[in-house]
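Peer 1: Below is a structure I'd like to ask you about.
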2 protein chains.
Amino acid sequence: MSLRATSSTSDKTRQKIVRAAEQLFADKGYQSMTLRDVTKAANVNLAAVNYHFGSKCNLMREAIRSRIEPINVERLKRLAELIEAHGPAPVPVSAIFNSLFRPLFESDGPSKGPNPALIQMIGRAFTEPADFMRNLHKDFFTELSFRYLTELKRTCPQLDEETIRYRFFLSISTMLGATINTVTLENLSSSKSTEPNYDKIVSELIAYAAAGFDHA
Amino acid sequence: MSLRATSSTSDKTRQKIVRAAEQLFADKGYQSMTLRDVTKAANVNLAAVNYHFGSKCNLMREAIRSRIEPINVERLKRLAELIEAHGPAPVPVSAIFNSLFRPLFESDGPSKGPNPALIQMIGRAFTEPADFMRNLHKDFFTELSFRYLTELKRTCPQLDEETIRYRFFLSISTMLGATINTVTLENLSSSKSTEPNYDKIVSELIAYAAAGFDHA
DNA sequence: GTCTATAGAACGATAGAC
DNA sequence: GTCTATCGTTCTATAGAC
């Protein structure tokens with residue numbers, strides 16, 4: 001049968017499916033999101049998912065991969081720029097976290113605004129219990145965490161390796177928690193706006209994580 | 001028909017179901033956890049869940065409620081003790097977070113060790129997308145957050161209300177992320193122990209959140 | 001490539017014997 | 001209270017017409 005490997009004249013159906021899947025996965029998680037939901041929201045036929053992606057699992061792997069990879073590229077690019085800019089001096093913790101957190105919240109590209117569905121999807125992907133996510137985590141997080149841990153160790157030589165790993169873990173946890181923890185997010189703003197203020201969230205997040213990581 | 005409202009001579013079946021549900025919910029989330037899984041793990045009959053709890057939804061509401069309520073009581077008790085002990089002086093942020101975070105990780109009671117299944121279950125409950133969780137959050141979090149925000153405001157009068165709410169939200173996110181974010185948790189210890197070191201996690205968590213909250 | 005129709009399996013819930 | 005058996009629904013995935 002052979003799945004579609006390359007783009008053709010029209011990827012509209014494929015794209016519509018991915019976009020709908022993003023939103024539904026963000027809202028309801030993997031198990032609660034059904035292919036009927038997806039194809040209905042995308043306004044395509046039910047069979048289209050299996051034709052284009054082979055399976056529900058593959059659809060989500062592809063959806064998540066296509067979003068995370070550019071973000072991780074941007075993260076490492078900014079980290080490299082920081083290292084370059086500071087020469088032999090270590091990069092401040094807040095600048096390191098800035099390069100790690102910002103790209104997620106500028107998910108549609110720098111100078112573009114944040115994409116709530118995309119932010120939530122990634123947050124949920126890393127807290128999703130489904131088995132097939134495990135490998136994704138390894139693929140997308142191993143190199144990234146190694147690079148960031150290396151740089152954080154250089155900036156904070158007074159902290160032993162184990163402490164650095166714990167605090168890095170807590171920093172990642174804060175970021176992920178902030179993206180999916182709708183509970184407190186709703187109670188945050190005194191105004192009853194449905195849309196969270198991501199600009200405020202991300203700058204607070206960076207300052208919070210930097211202070212939490214760097215404390216005596 | 002009438003559900004069982006009061007305890008009878010033997011709550012063994014009921015208890016076994018709740019315990020099994022906790023573990024499975026912690027591992028797989030609400031939708032992936034089936035009643036067939038639960039009753040099989042509990043070694044009881046499939047129909048027992050609907051007899052004792054009426055529905056799958058009700059089972060999890062009861063399981064979560066029975067765990068969170070004692071923890072919240074303990075939290076507020078410790079907070080009240082802190083306020084009492086400090087008299088008119090404000091309670092330090094780290095002490096406030098100590099009273100908020102510790103009870104979850106001493107979930108089987110003080111002097112008892114942490115209960116991984118319980119910790120994960122509560123973390124997952126607050127990040128679960130399922131609709132029926134929404135009301136639970138309101139029930140178990142509204143009063144708690146009000147009390148803690150009041151006390152944090154007294155301790156940090158230099159911070160405006162909105163900033164306090166944002167940082168409190170981030171602190172809760174850190175805690176929740178730490179309980180369910182298995183990804184990085186696995187990569188944490190250089191030793192390949194399956195069991196996370198909760199003692200280390202919780203003390204790092206409290207110091208981290210206090211520093212993150214209290215920064216200039 | 002896109003559709004209809006359906007296979008095949010799993011689910012929550014319940015009826016009714018004991 | 002506890003069991004077996006099953007109803008009615010919903011899911012992913014696929015076969016086959018167009």
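Residue names in the structure tokens use chain letters A, B, ... in the order shown, residue numbers from 1 in each chain, and ligand numbers from 1 in the order shown.
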Tell me which protein, DNA and RNA residues are within 8 Å of region 9-17 of chain D, counting only C-alpha atoms (C1' of nucleotides), leaving out same-chain ones fewer than 4 positions away, and put them as JSON, numbers by chain.

Peer 2: {"A": [34, 35, 50, 55, 56], "C": [7, 10, 11]}

Peer 1: Which residues come within 7 Å of Ala26 (chain B), counting only C-alpha atoms (C1' of nucleotides), excluding same-chain residues fewer than 4 positions away, as a PDB file with N, CA and C atoms, in the first residue's frame?

Peer 2:
ATOM      1  N   GLU B  22      -6.591   3.751  42.117  1.00  0.00           N
ATOM      2  CA  GLU B  22      -5.525   4.733  42.342  1.00  0.00           C
ATOM      3  C   GLU B  22      -4.310   4.421  41.487  1.00  0.00           C
ATOM      4  N   ALA B 117       1.945   5.956  44.201  1.00  0.00           N
ATOM      5  CA  ALA B 117       0.693   5.873  43.447  1.00  0.00           C
ATOM      6  C   ALA B 117      -0.220   7.040  43.802  1.00  0.00           C
ATOM      7  N   GLN B 120       1.198  10.427  42.397  1.00  0.00           N
ATOM      8  CA  GLN B 120       0.957  10.529  40.968  1.00  0.00           C
ATOM      9  C   GLN B 120      -0.516  10.713  40.657  1.00  0.00           C
ATOM     10  N   MET B 121      -1.373  10.027  41.409  1.00  0.00           N
ATOM     11  CA  MET B 121      -2.806  10.145  41.159  1.00  0.00           C
ATOM     12  C   MET B 121      -3.271  11.586  41.328  1.00  0.00           C
ATOM     13  N   ARG B 124      -1.956  13.775  38.578  1.00  0.00           N
ATOM     14  CA  ARG B 124      -2.676  13.535  37.336  1.00  0.00           C
ATOM     15  C   ARG B 124      -4.096  14.078  37.395  1.00  0.00           C
TER      16      ARG B 124
END

Peer 1: One decimal, Å: what's the distance from CA of Gln31 (chain B) over to CA of Glu128 (chain B), could you say?

Peer 2: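 Separation between CA of Gln31 (chain B) and CA of Glu128 (chain B): 9.7 Å.
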
Peer 1: Would you mind listing, as a count of residues only, all residues of chain D that have at least one atom within 9 Å of chain B, where only C-alpha atoms (C1' of nucleotides) are what counts?

Peer 2: 3

Peer 1: When you draw a straight line from CA of Leu176 (chain B) to CA of Phe213 (chain A), how long is it in Å?

Peer 2: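 Result for CA of Leu176 (chain B) versus CA of Phe213 (chain A): 17.4 Å, one decimal.
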
Peer 1: Running DSSP on the backbone, which parts of chain A land in alpha helix (DSSP H), as an MDAnalysis selection string?

Peer 2: chainID A and resid 12:28 35:42 47:53 56:86 93:105 116:125 133:155 161:180 182:186 198:214

Peer 1: If we count only C-alpha atoms (C1' of nucleotides), which residues of chain C reach to within 9 Å of chain B? Please list them as a compact mmCIF listing (two decimals) with C-alpha atoms (C1' of nucleotides), in the first residue's frame.

Peer 2:
# COMPACT_ATOMS: atom_id res chain seq x y z
C1' DC C 11 -15.90 -0.38 26.58
C1' DG C 12 -19.44 1.04 30.56
C1' DA C 13 -23.35 -0.44 32.45
C1' DT C 14 -27.09 -3.54 33.83
